[in-house]
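Q: File follows, target.cif with mmCIF, C-alpha atoms:
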```cif
data_model
loop_
_atom_site.group_PDB
_atom_site.id
_atom_site.type_symbol
_atom_site.label_atom_id
_atom_site.label_comp_id
_atom_site.auth_asym_id
_atom_site.auth_seq_id
_atom_site.Cartn_x
_atom_site.Cartn_y
_atom_site.Cartn_z
ATOM 1 C CA MET A 23 -14.382 19.715 -10.438
ATOM 2 C CA SER A 24 -17.050 17.206 -9.425
ATOM 3 C CA ASP A 25 -18.528 16.627 -5.959
ATOM 4 C CA LEU A 26 -18.684 12.838 -5.655
ATOM 5 C CA VAL A 27 -20.323 11.332 -2.576
ATOM 6 C CA THR A 28 -18.846 8.043 -1.358
ATOM 7 C CA GLY A 29 -20.606 5.341 0.617
ATOM 8 C CA GLU A 30 -19.454 7.033 3.824
ATOM 9 C CA ALA A 31 -21.127 10.334 2.803
ATOM 10 C CA VAL A 32 -17.752 11.961 2.125
ATOM 11 C CA VAL A 33 -17.797 14.521 -0.674
ATOM 12 C CA LEU A 34 -14.822 14.152 -2.986
ATOM 13 C CA GLY A 35 -14.012 17.078 -5.270
ATOM 14 C CA LEU A 36 -12.474 15.122 -8.165
ATOM 15 C CA ARG A 37 -11.354 16.978 -11.265
ATOM 16 C CA THR A 38 -13.500 15.922 -14.185
ATOM 17 C CA ALA A 39 -12.225 15.706 -17.738
ATOM 18 C CA LYS A 40 -13.489 18.316 -20.160
ATOM 19 C CA LEU A 41 -14.265 18.127 -23.866
ATOM 20 C CA PRO A 42 -10.752 18.700 -25.347
ATOM 21 C CA SER A 43 -9.017 15.882 -23.449
ATOM 22 C CA ARG A 44 -11.956 13.543 -23.939
ATOM 23 C CA ALA A 45 -12.064 14.296 -27.682
ATOM 24 C CA LEU A 46 -8.357 13.509 -28.089
ATOM 25 C CA ALA A 47 -8.757 10.257 -26.168
ATOM 26 C CA ARG A 48 -11.750 9.328 -28.311
ATOM 27 C CA LEU A 49 -9.847 10.048 -31.522
ATOM 28 C CA LEU A 50 -7.026 7.754 -30.428
ATOM 29 C CA ASP A 51 -9.475 4.979 -29.574
ATOM 30 C CA ALA A 52 -11.285 5.453 -32.897
ATOM 31 C CA ALA A 53 -8.006 5.268 -34.822
ATOM 32 C CA VAL A 54 -7.064 1.999 -33.104
ATOM 33 C CA GLN A 55 -10.527 0.559 -33.769
ATOM 34 C CA PHE A 56 -10.390 1.599 -37.426
ATOM 35 C CA PHE A 57 -7.001 -0.007 -38.035
ATOM 36 C CA GLY A 58 -8.149 -3.166 -36.284
ATOM 37 C CA PHE A 59 -11.284 -3.272 -38.434
ATOM 38 C CA VAL A 60 -9.281 -2.798 -41.665
ATOM 39 C CA ILE A 61 -6.767 -5.499 -40.735
ATOM 40 C CA ALA A 62 -9.578 -7.935 -39.891
ATOM 41 C CA ILE A 63 -11.315 -7.283 -43.232
ATOM 42 C CA VAL A 64 -8.073 -7.767 -45.182
ATOM 43 C CA VAL A 65 -7.310 -11.021 -43.372
ATOM 44 C CA LEU A 66 -10.842 -12.237 -44.029
ATOM 45 C CA ALA A 67 -10.612 -11.376 -47.734
ATOM 46 C CA VAL A 68 -7.322 -13.234 -48.078
ATOM 47 C CA ALA A 69 -8.465 -16.248 -46.076
ATOM 48 C CA ALA A 70 -11.872 -16.648 -47.810
ATOM 49 C CA PRO A 71 -11.813 -15.017 -51.257
ATOM 50 C CA ASP A 72 -14.770 -17.075 -52.563
ATOM 51 C CA LEU A 73 -17.414 -15.779 -50.175
ATOM 52 C CA GLU A 74 -20.659 -14.498 -51.591
ATOM 53 C CA GLU A 75 -21.576 -10.835 -51.370
ATOM 54 C CA ALA A 76 -24.247 -11.397 -48.702
ATOM 55 C CA ALA A 77 -21.821 -13.391 -46.559
ATOM 56 C CA VAL A 78 -19.165 -10.701 -46.959
ATOM 57 C CA GLN A 79 -21.615 -8.019 -45.804
ATOM 58 C CA ALA A 80 -22.734 -10.107 -42.828
ATOM 59 C CA VAL A 81 -19.153 -10.804 -41.773
ATOM 60 C CA SER A 82 -18.187 -7.151 -42.253
ATOM 61 C CA LEU A 83 -21.096 -6.025 -40.093
ATOM 62 C CA SER A 84 -20.114 -8.525 -37.384
ATOM 63 C CA VAL A 85 -16.525 -7.327 -37.435
ATOM 64 C CA PHE A 86 -17.713 -3.706 -37.239
ATOM 65 C CA VAL A 87 -19.877 -4.444 -34.193
ATOM 66 C CA LEU A 88 -16.979 -6.347 -32.659
ATOM 67 C CA PHE A 89 -14.577 -3.414 -32.900
ATOM 68 C CA THR A 90 -17.043 -0.632 -32.100
ATOM 69 C CA VAL A 91 -19.061 -2.195 -29.256
ATOM 70 C CA VAL A 92 -17.705 -5.495 -27.949
ATOM 71 C CA VAL A 93 -13.998 -4.659 -27.764
ATOM 72 C CA PRO A 94 -14.473 -1.209 -26.110
ATOM 73 C CA VAL A 95 -16.917 -2.649 -23.551
ATOM 74 C CA VAL A 96 -14.612 -5.546 -22.671
ATOM 75 C CA VAL A 97 -11.527 -3.318 -22.427
ATOM 76 C CA GLU A 98 -13.325 -0.730 -20.301
ATOM 77 C CA THR A 99 -14.658 -3.432 -17.971
ATOM 78 C CA LEU A 100 -11.374 -5.263 -17.493
ATOM 79 C CA SER A 101 -9.321 -2.081 -17.093
ATOM 80 C CA HIS A 102 -11.870 -0.461 -14.727
ATOM 81 C CA GLY A 103 -12.609 2.476 -17.005
ATOM 82 C CA ARG A 104 -9.305 2.925 -18.844
ATOM 83 C CA SER A 105 -9.243 2.519 -22.600
ATOM 84 C CA LEU A 106 -6.083 3.044 -24.639
ATOM 85 C CA GLY A 107 -6.887 6.682 -25.340
ATOM 86 C CA LYS A 108 -7.925 7.430 -21.771
ATOM 87 C CA ALA A 109 -4.784 5.794 -20.379
ATOM 88 C CA ALA A 110 -2.649 7.851 -22.764
ATOM 89 C CA PHE A 111 -4.216 11.131 -21.603
ATOM 90 C CA GLY A 112 -4.555 10.221 -17.916
ATOM 91 C CA LEU A 113 -8.350 9.802 -17.874
ATOM 92 C CA ARG A 114 -10.601 7.226 -16.274
ATOM 93 C CA VAL A 115 -14.320 6.412 -16.211
ATOM 94 C CA VAL A 116 -15.791 6.100 -12.706
ATOM 95 C CA ARG A 117 -19.240 5.797 -11.217
ATOM 96 C CA GLU A 118 -21.081 8.759 -9.774
ATOM 97 C CA ASP A 119 -20.021 7.646 -6.277
ATOM 98 C CA GLY A 120 -16.361 7.462 -7.319
ATOM 99 C CA GLY A 121 -16.159 3.652 -7.566
ATOM 100 C CA PRO A 122 -14.895 1.646 -10.552
ATOM 101 C CA VAL A 123 -17.253 0.909 -13.415
ATOM 102 C CA ARG A 124 -18.651 -2.555 -14.034
ATOM 103 C CA PHE A 125 -19.883 -4.406 -17.093
ATOM 104 C CA ARG A 126 -23.351 -2.854 -17.131
ATOM 105 C CA HIS A 127 -21.916 0.668 -17.011
ATOM 106 C CA ALA A 128 -19.513 -0.065 -19.855
ATOM 107 C CA LEU A 129 -22.283 -1.745 -21.891
ATOM 108 C CA VAL A 130 -24.660 1.215 -21.588
ATOM 109 C CA ARG A 131 -21.886 3.651 -22.488
ATOM 110 C CA GLY A 132 -20.912 1.541 -25.494
ATOM 111 C CA LEU A 133 -24.444 1.147 -26.865
ATOM 112 C CA VAL A 134 -25.319 4.822 -26.447
ATOM 113 C CA GLY A 135 -21.926 5.760 -27.883
ATOM 114 C CA VAL A 136 -22.756 4.000 -31.138
ATOM 115 C CA VAL A 137 -25.716 6.352 -31.586
ATOM 116 C CA GLU A 138 -23.834 9.440 -30.418
ATOM 117 C CA PHE A 139 -20.756 8.983 -32.584
ATOM 118 C CA GLY A 140 -22.822 7.629 -35.455
ATOM 119 C CA LEU A 141 -24.355 11.117 -35.759
ATOM 120 C CA MET A 142 -20.930 12.725 -36.257
ATOM 121 C CA ALA A 143 -20.501 13.026 -32.463
ATOM 122 C CA ALA A 144 -22.889 15.989 -32.411
ATOM 123 C CA PRO A 145 -24.993 14.767 -29.422
ATOM 124 C CA ALA A 146 -21.861 13.956 -27.401
ATOM 125 C CA THR A 147 -20.275 17.336 -28.141
ATOM 126 C CA ILE A 148 -23.383 19.367 -27.269
ATOM 127 C CA THR A 149 -24.054 17.409 -24.083
ATOM 128 C CA SER A 150 -20.434 17.712 -22.920
ATOM 129 C CA LEU A 151 -20.470 21.466 -23.489
ATOM 130 C CA VAL A 152 -23.736 21.943 -21.612
ATOM 131 C CA SER A 153 -22.913 19.636 -18.677
ATOM 132 C CA THR A 154 -20.887 21.142 -15.846
ATOM 133 C CA GLN A 155 -19.152 17.785 -15.399
ATOM 134 C CA GLY A 156 -18.434 17.281 -19.111
ATOM 135 C CA ARG A 157 -20.709 14.226 -19.355
ATOM 136 C CA ARG A 158 -22.055 12.906 -22.620
ATOM 137 C CA LEU A 159 -25.330 11.012 -23.094
ATOM 138 C CA GLY A 160 -23.654 7.656 -22.449
ATOM 139 C CA ASP A 161 -22.383 8.891 -19.088
ATOM 140 C CA ILE A 162 -25.783 10.260 -18.112
ATOM 141 C CA PHE A 163 -27.614 7.020 -18.919
ATOM 142 C CA ALA A 164 -24.917 4.824 -17.326
ATOM 143 C CA GLY A 165 -24.445 7.003 -14.235
ATOM 144 C CA THR A 166 -20.737 7.577 -14.882
ATOM 145 C CA LEU A 167 -18.309 10.407 -15.537
ATOM 146 C CA VAL A 168 -14.730 10.765 -16.718
ATOM 147 C CA VAL A 169 -12.146 12.117 -14.254
ATOM 148 C CA ARG A 170 -8.527 13.112 -14.562
ATOM 149 C CA GLU A 171 -6.095 10.708 -12.928
ATOM 150 C CA ARG A 172 -2.805 12.171 -14.102
ATOM 151 C CA LEU A 173 -2.528 15.803 -13.086
ATOM 152 C CA PRO A 174 0.101 18.413 -13.978
ATOM 153 C CA LYS A 175 3.095 18.837 -11.702
ATOM 154 C CA VAL A 176 1.737 22.068 -10.210
ATOM 155 C CA ALA A 177 -1.548 20.383 -9.286
ATOM 156 C CA ARG A 178 0.265 17.418 -7.718
ATOM 157 C CA GLU A 179 2.418 19.742 -5.628
ATOM 158 C CA GLN A 180 -0.664 21.626 -4.470
ATOM 159 C CA GLY A 181 -2.377 18.386 -3.439
ATOM 160 C CA ALA A 182 0.639 16.930 -1.627
ATOM 161 C CA LEU A 183 0.883 16.793 2.143
ATOM 162 C CA PRO A 184 2.225 20.074 3.536
ATOM 163 C CA PRO A 185 5.714 19.919 5.092
ATOM 164 C CA VAL A 186 5.883 19.770 8.882
ATOM 165 C CA SER A 187 8.847 20.945 10.918
ATOM 166 C CA PRO A 188 10.819 18.242 12.788
ATOM 167 C CA GLU A 189 10.328 20.086 16.075
ATOM 168 C CA LEU A 190 6.553 19.946 15.704
ATOM 169 C CA MET A 191 6.553 16.270 14.743
ATOM 170 C CA ASN A 192 8.796 15.487 17.726
ATOM 171 C CA ALA A 193 6.356 17.241 20.054
ATOM 172 C CA LEU A 194 3.440 15.447 18.382
ATOM 173 C CA GLY A 195 4.936 11.975 18.864
ATOM 174 C CA GLY A 196 4.033 11.704 22.539
ATOM 175 C CA ASP A 197 0.453 12.822 21.904
ATOM 176 C CA LEU A 198 0.011 10.214 19.177
ATOM 177 C CA VAL A 199 1.233 7.358 21.357
ATOM 178 C CA SER A 200 -1.137 8.304 24.188
ATOM 179 C CA LEU A 201 -4.099 8.993 21.871
ATOM 180 C CA ASP A 202 -7.204 6.831 22.451
ATOM 181 C CA LEU A 203 -8.393 5.614 19.055
ATOM 182 C CA SER A 204 -10.845 2.964 20.239
ATOM 183 C CA ALA A 205 -13.891 5.235 19.879
ATOM 184 C CA VAL A 206 -13.195 6.169 16.242
ATOM 185 C CA PRO A 207 -15.625 4.265 13.956
ATOM 186 C CA ASP A 208 -14.398 2.277 10.988
ATOM 187 C CA GLY A 209 -16.367 4.454 8.583
ATOM 188 C CA LEU A 210 -14.370 7.519 9.594
ATOM 189 C CA TRP A 211 -11.079 5.660 9.138
ATOM 190 C CA LEU A 212 -12.176 4.588 5.663
ATOM 191 C CA ALA A 213 -13.156 8.152 4.796
ATOM 192 C CA ILE A 214 -9.757 9.445 5.955
ATOM 193 C CA ARG A 215 -7.910 6.829 3.897
ATOM 194 C CA GLN A 216 -9.935 7.645 0.790
ATOM 195 C CA PHE A 217 -9.390 11.355 1.286
ATOM 196 C CA LEU A 218 -5.614 11.032 1.700
ATOM 197 C CA GLY A 219 -5.384 8.587 -1.212
ATOM 198 C CA ARG A 220 -7.151 10.997 -3.580
ATOM 199 C CA LEU A 221 -5.611 14.159 -2.192
ATOM 200 C CA ALA A 222 -3.649 14.858 -5.375
ATOM 201 C CA GLN A 223 -6.861 14.717 -7.436
ATOM 202 C CA LEU A 224 -8.798 17.203 -5.316
ATOM 203 C CA ASP A 225 -9.124 20.910 -5.729
ATOM 204 C CA PRO A 226 -6.978 22.679 -3.062
ATOM 205 C CA ALA A 227 -9.911 24.622 -1.635
ATOM 206 C CA VAL A 228 -12.104 21.515 -1.466
ATOM 207 C CA ALA A 229 -9.264 19.475 0.057
ATOM 208 C CA ALA A 230 -8.700 22.073 2.792
ATOM 209 C CA GLY A 231 -12.387 22.120 3.731
ATOM 210 C CA MET A 232 -12.649 18.348 3.759
ATOM 211 C CA ALA A 233 -9.523 18.018 5.910
ATOM 212 C CA GLN A 234 -10.961 20.504 8.397
ATOM 213 C CA ARG A 235 -14.242 18.560 8.638
ATOM 214 C CA LEU A 236 -12.562 15.165 8.965
ATOM 215 C CA ALA A 237 -10.166 16.492 11.609
ATOM 216 C CA GLY A 238 -13.135 17.887 13.528
ATOM 217 C CA ASP A 239 -14.931 14.544 13.393
ATOM 218 C CA LEU A 240 -11.761 12.775 14.547
ATOM 219 C CA ALA A 241 -11.315 15.214 17.428
ATOM 220 C CA GLY A 242 -14.901 14.604 18.503
ATOM 221 C CA HIS A 243 -14.172 10.873 18.952
ATOM 222 C CA THR A 244 -10.687 11.167 20.457
ATOM 223 C CA GLY A 245 -11.280 14.213 22.670
ATOM 224 C CA ARG A 246 -8.188 16.048 21.367
ATOM 225 C CA ALA A 247 -8.204 18.825 18.803
ATOM 226 C CA VAL A 248 -5.602 19.428 16.127
ATOM 227 C CA PRO A 249 -2.440 20.900 17.720
ATOM 228 C CA TYR A 250 -1.807 24.565 17.094
ATOM 229 C CA GLY A 251 0.422 25.180 14.072
ATOM 230 C CA LEU A 252 -0.268 21.796 12.451
ATOM 231 C CA GLN A 253 -2.400 21.635 9.324
ATOM 232 C CA PRO A 254 -5.372 19.235 9.467
ATOM 233 C CA VAL A 255 -4.129 17.264 6.444
ATOM 234 C CA ALA A 256 -0.798 16.490 8.113
ATOM 235 C CA TYR A 257 -2.555 15.652 11.390
ATOM 236 C CA LEU A 258 -4.861 13.173 9.660
ATOM 237 C CA GLY A 259 -1.899 11.480 8.010
ATOM 238 C CA ALA A 260 -0.016 11.243 11.318
ATOM 239 C CA VAL A 261 -2.988 9.778 13.210
ATOM 240 C CA LEU A 262 -3.665 7.273 10.433
ATOM 241 C CA ALA A 263 -0.020 6.193 10.476
ATOM 242 C CA GLU A 264 -0.195 5.741 14.260
ATOM 243 C CA ARG A 265 -3.273 3.521 13.919
ATOM 244 C CA GLN A 266 -1.554 1.406 11.273
ATOM 245 C CA ARG A 267 1.491 1.097 13.553
ATOM 246 C CA ARG A 268 -0.680 -0.176 16.399
ATOM 247 C CA GLU A 269 -2.431 -2.687 14.139
ATOM 248 C CA TRP A 270 0.928 -3.955 12.904
ATOM 249 C CA ALA A 271 2.224 -4.292 16.474
ATOM 250 C CA ARG A 272 -0.861 -6.286 17.470
ATOM 251 C CA ALA A 273 -0.476 -8.517 14.428
ATOM 252 C CA VAL A 274 3.170 -9.191 15.249
ATOM 253 C CA ALA A 275 2.319 -9.931 18.887
ATOM 254 C CA SER A 276 -0.287 -12.491 17.805
ATOM 255 C CA GLY A 277 2.067 -14.146 15.306
ATOM 256 C CA ALA A 278 -0.091 -13.222 12.285
ATOM 257 C CA VAL A 279 2.775 -11.532 10.416
ATOM 258 C CA PRO A 280 5.032 -14.059 8.622
ATOM 259 C CA GLY A 281 8.701 -13.555 9.333
ATOM 260 C CA PHE A 282 8.013 -11.841 12.671
ATOM 261 C CA PRO A 283 7.562 -14.474 15.423
ATOM 262 C CA PRO A 284 5.718 -13.391 18.554
ATOM 263 C CA PRO A 285 7.958 -12.041 21.323
ATOM 264 C CA TYR A 286 9.219 -14.553 23.852
ATOM 265 C CA ALA A 287 7.790 -12.510 26.728
ATOM 266 C CA ALA A 288 4.318 -13.623 25.707
ATOM 267 C CA SER A 289 5.063 -17.197 26.843
ATOM 268 C CA PRO A 290 4.434 -17.882 30.561
ATOM 269 C CA VAL A 291 7.513 -18.086 32.739
ATOM 270 C CA PRO A 292 7.420 -20.584 35.650
ATOM 271 C CA TYR A 293 7.840 -19.271 39.160
ATOM 272 C CA GLY A 294 10.470 -21.850 40.155
ATOM 273 C CA PRO A 295 13.140 -24.006 38.583
ATOM 274 C CA VAL A 296 11.935 -26.943 36.561
ATOM 275 C CA PRO A 297 13.052 -30.330 37.965
ATOM 276 C CA VAL A 298 15.434 -32.125 35.654
ATOM 277 C CA PRO A 299 15.604 -35.962 35.647
ATOM 278 C CA TYR A 300 18.835 -37.514 36.844
ATOM 279 C CA GLY A 301 21.315 -37.868 34.022
ATOM 280 C CA ALA A 302 19.455 -35.540 31.643
ATOM 281 C CA PRO A 303 21.168 -32.411 30.312
ATOM 282 C CA PRO A 304 20.107 -29.209 32.070
ATOM 283 C CA ALA A 305 17.240 -27.310 30.405
ATOM 284 C CA ARG A 306 17.214 -23.572 29.698
ATOM 285 C CA VAL A 307 14.427 -21.699 31.535
ATOM 286 C CA LEU A 308 13.718 -18.055 30.684
ATOM 287 C CA GLY A 309 14.223 -15.844 33.721
ATOM 288 C CA TYR A 310 16.747 -18.114 35.457
ATOM 289 C CA PRO A 311 20.511 -18.426 34.932
ATOM 290 C CA GLN A 312 21.812 -21.319 32.949
ATOM 291 C CA PRO A 313 23.319 -23.935 35.351
ATOM 292 C CA SER A 314 26.875 -24.739 34.455
ATOM 293 C CA ALA A 315 27.821 -28.358 33.787
ATOM 294 C CA PRO A 316 30.399 -29.965 36.162
ATOM 295 C CA VAL A 317 33.919 -29.889 34.781
ATOM 296 C CA PRO A 318 35.516 -33.387 34.794
ATOM 297 C CA ALA A 319 38.797 -33.685 36.706
ATOM 298 C CA PRO A 320 41.904 -34.396 34.633
ATOM 299 C CA PRO A 321 43.224 -37.995 34.804
ATOM 300 C CA GLN A 322 45.983 -38.704 37.377
ATOM 301 C CA VAL A 323 49.355 -39.496 35.765
ATOM 302 C CA PRO A 324 51.621 -41.839 37.883
ATOM 303 C CA LEU A 325 54.892 -40.190 38.894
ATOM 304 C CA PRO A 326 58.249 -42.044 38.519
ATOM 305 C CA PRO A 327 59.849 -43.484 41.775
ATOM 306 C CA GLN A 328 62.258 -41.095 43.476
ATOM 307 C CA ALA A 329 65.465 -41.986 45.450
ATOM 308 C CA PRO A 330 65.299 -41.617 49.234
ATOM 309 C CA PRO A 331 66.854 -38.417 50.563
ATOM 310 C CA VAL A 332 70.525 -38.606 51.769
ATOM 311 C CA PRO A 333 70.935 -37.702 55.469
ATOM 312 C CA GLU A 334 73.189 -34.778 56.236
ATOM 313 C CA GLN A 335 76.623 -35.479 57.925
ATOM 314 C CA PRO A 336 77.497 -33.461 61.058
ATOM 315 C CA PRO A 337 80.520 -31.132 60.641
ATOM 316 C CA THR A 338 83.954 -32.448 61.906
ATOM 317 C CA GLN A 339 86.553 -30.451 63.896
ATOM 318 C CA ALA A 340 89.909 -29.690 62.249
ATOM 319 C CA GLY A 341 92.975 -31.493 63.881
ATOM 320 C CA PRO A 342 96.769 -31.749 63.248
ATOM 321 C CA SER A 343 97.756 -32.893 59.816
ATOM 322 C CA ALA A 344 99.461 -36.231 59.234
ATOM 323 C CA GLY A 345 102.890 -34.635 58.581
ATOM 324 C CA GLY A 346 103.142 -33.225 62.165
ATOM 325 C CA PHE A 347 102.954 -29.649 60.978
ATOM 326 C CA ALA A 348 100.749 -27.399 62.930
ATOM 327 C CA PRO A 349 99.822 -23.974 61.774
ATOM 328 C CA PRO A 350 100.947 -21.164 63.986
ATOM 329 C CA ALA A 351 98.464 -19.888 66.521
#
```
Please express what this file holds, its structure, as structure tokens.

A:
Amino acid sequence: MSDLVTGEAVVLGLRTAKLPSRALARLLDAAVQFFGFVIAIVVLAVAAPDLEEAAVQAVSLSVFVLFTVVVPVVVETLSHGRSLGKAAFGLRVVREDGGPVRFRHALVRGLVGVVEFGLMAAPATITSLVSTQGRRLGDIFAGTLVVRERLPKVAREQGALPPVSPELMNALGGDLVSLDLSAVPDGLWLAIRQFLGRLAQLDPAVAAGMAQRLAGDLAGHTGRAVPYGLQPVAYLGAVLAERQRREWARAVASGAVPGFPPPYAASPVPYGPVPVPYGAPPARVLGYPQPSAPVPAPPQVPLPPQAPPVPEQPPTQAGPSAGGFAPPA
């Protein structure tokens, strides 16, 4: 384990790589460099068989420097400290402050490595065994060290966020929404993000102490301590998620997030109806009902002429029939 100090004065207990894993990574890199050197020499011999002996030696020396110094330095610079062997074994070269290496770090490590491994790797082996961080001479001169990025499953489970009961998270939700985060400095937020991002790489004891200190600093700026029964690591993750939620909500409200237009309530609503010119279609105003358009009356269809009504005849009284017969009374 190595105590790295970041720019925010946060001590990170990263797990450094020891001699066995570094030796295996170096052997893999050396094998790849050797095969590349042999292939280059064979291609050169086939392409230019008539070269003089002095030219052959000069070209061979140039190819050797290319594969032992130039290629490793370029690969380590572009990959930010990961060569083929280190990537295979989950290792990475970082600065003493935990940041990625640059060209000057890779160049110093490469030049000193030529001397170290040219002496049968004896200086590198002795220095790595003596150093508590497993550093060789190239790391000491360049100000770097090799850390473990890929950890075993047990170590990853130990460094994961502890589970929190749903009841506790439900009770914590109201406190997070009402929490005042305006007094928390940006340096503390950056330290919390770096701590949570490298939690799986930290020693459990170191991670617990760091979480306790960061939670104490956060409570000093917010005025609220960690709730009882909640581990500081989980509390830091919850508060950081709440801050990111607020930043996202502000970005959406300002229209800075593509695909999420600002809410319509942000636009001013007039206090009265907007006058509409005569003949123009009615306009929609937020906060007022949509006026309905007048419905046109159906066209009148002419009815056919009707016959005048027939007047009713008054009833007539019954008299004697024409044959002289009268019904009996």

Q: Show me, as a PyMOL selection string, the residues that have an atom within 9 Å of Leu201 of chain A when counting all atoms listed in the file, minus same-chain residues fewer than 4 positions from it.

A: chain A and resi 196-197+244-246+261

Q: Do you know which residues are at most 12 Å from segment 134-141 of chain A counting only C-alpha atoms, after dropping those on the same chain fewer than 3 positions away, and could you put them as an MDAnalysis selection string?

A: chainID A and resid 45 48:49 52 86:92 94:95 127:131 144:150 158:164

Q: Mind checking which residues fall within 12 Å of Val199 of chain A, counting all atoms listed in the file, ignoring those fewer than 6 positions away in the same chain, and posting them as a tab-separated table (two decimals) with C-alpha atoms, keeping the file's coordinate frame?

A:
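The result, written out as selection22.tsv:
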```
chain	number	residue	atom	x	y	z
A	192	ASN	CA	8.80	15.49	17.73
A	193	ALA	CA	6.36	17.24	20.05
A	260	ALA	CA	-0.02	11.24	11.32
A	261	VAL	CA	-2.99	9.78	13.21
A	262	LEU	CA	-3.66	7.27	10.43
A	263	ALA	CA	-0.02	6.19	10.48
A	264	GLU	CA	-0.20	5.74	14.26
A	265	ARG	CA	-3.27	3.52	13.92
A	267	ARG	CA	1.49	1.10	13.55
A	268	ARG	CA	-0.68	-0.18	16.40
```

Q: Just how far from atom CA of Val123 of chain A is atom CA of Ala222 of chain A, in Å to one decimal?

A: 21.1 Å

Q: Rank nothing, just name the residue among A:Val169, A:Val255, A:Ala76, A:Val206 nearest to Leu218 of chain A, using only C-alpha atoms.

A: A:Val255

Q: At what distance in Å, to one decimal, does atom CA of Arg114 of chain A lie from atom CA of Asp51 of chain A?

A: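 Atom-to-atom, atom CA of Asp51 of chain A and atom CA of Arg114 of chain A are spaced 13.5 Å apart.
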
Q: So how many Å separate atom CA of Gly107 of chain A and atom CA of Arg220 of chain A, to one decimal?

A: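 Calculated distance between atom CA of Gly107 of chain A and atom CA of Arg220 of chain A is 22.2 Å.
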
Q: Show me as a PDB file with C-alpha atoms, in the frame of the given file the residues that reach within 7 Å of (-15.4, 17.4, -24.8), counting only C-alpha atoms and using the file's own coordinates.

A:
```pdb
ATOM      1  CA  LYS A  40     -13.489  18.316 -20.160  1.00  0.00           C
ATOM      2  CA  LEU A  41     -14.265  18.127 -23.866  1.00  0.00           C
ATOM      3  CA  PRO A  42     -10.752  18.700 -25.347  1.00  0.00           C
ATOM      4  CA  SER A  43      -9.017  15.882 -23.449  1.00  0.00           C
ATOM      5  CA  ARG A  44     -11.956  13.543 -23.939  1.00  0.00           C
ATOM      6  CA  ALA A  45     -12.064  14.296 -27.682  1.00  0.00           C
ATOM      7  CA  THR A 147     -20.275  17.336 -28.141  1.00  0.00           C
ATOM      8  CA  SER A 150     -20.434  17.712 -22.920  1.00  0.00           C
ATOM      9  CA  LEU A 151     -20.470  21.466 -23.489  1.00  0.00           C
ATOM     10  CA  GLY A 156     -18.434  17.281 -19.111  1.00  0.00           C
TER      11      GLY A 156
END
```

Q: The PyMOL selection byres ((chain A and resi 59-63) around 9) - which residues does that actually catch in the file I just gave you? List them as a ChimeraX atom specification.

A: /A:54-58,64-68,81-82,85-86,88-90

Q: Enclose segment 49-58 of chain A, meaning all of its atoms listed in the file, in a box aligned along x, y and z, pad it by 3 Å on each side, and list the centre and edge lengths in Å to one decimal, as JSON.

A:
```
{"center_x": -9.1, "center_y": 3.4, "center_z": -33.8, "size_x": 10.3, "size_y": 19.2, "size_z": 14.5}
```

Q: Could you list, as a CSV table (one decimal) with C-alpha atoms, in the coordinates of the input, every residue matched by the PyMOL selection byres ((chain A and resi 257) around 10) in this structure?

A:
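This is the output file out-v1.csv:
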```csv
chain,number,residue,atom,x,y,z
A,183,LEU,CA,0.9,16.8,2.1
A,186,VAL,CA,5.9,19.8,8.9
A,191,MET,CA,6.6,16.3,14.7
A,194,LEU,CA,3.4,15.4,18.4
A,198,LEU,CA,0.0,10.2,19.2
A,233,ALA,CA,-9.5,18.0,5.9
A,237,ALA,CA,-10.2,16.5,11.6
A,247,ALA,CA,-8.2,18.8,18.8
A,248,VAL,CA,-5.6,19.4,16.1
A,249,PRO,CA,-2.4,20.9,17.7
A,252,LEU,CA,-0.3,21.8,12.5
A,253,GLN,CA,-2.4,21.6,9.3
A,254,PRO,CA,-5.4,19.2,9.5
A,255,VAL,CA,-4.1,17.3,6.4
A,256,ALA,CA,-0.8,16.5,8.1
A,258,LEU,CA,-4.9,13.2,9.7
A,259,GLY,CA,-1.9,11.5,8.0
A,260,ALA,CA,0.0,11.2,11.3
A,261,VAL,CA,-3.0,9.8,13.2
A,262,LEU,CA,-3.7,7.3,10.4
A,263,ALA,CA,0.0,6.2,10.5
```
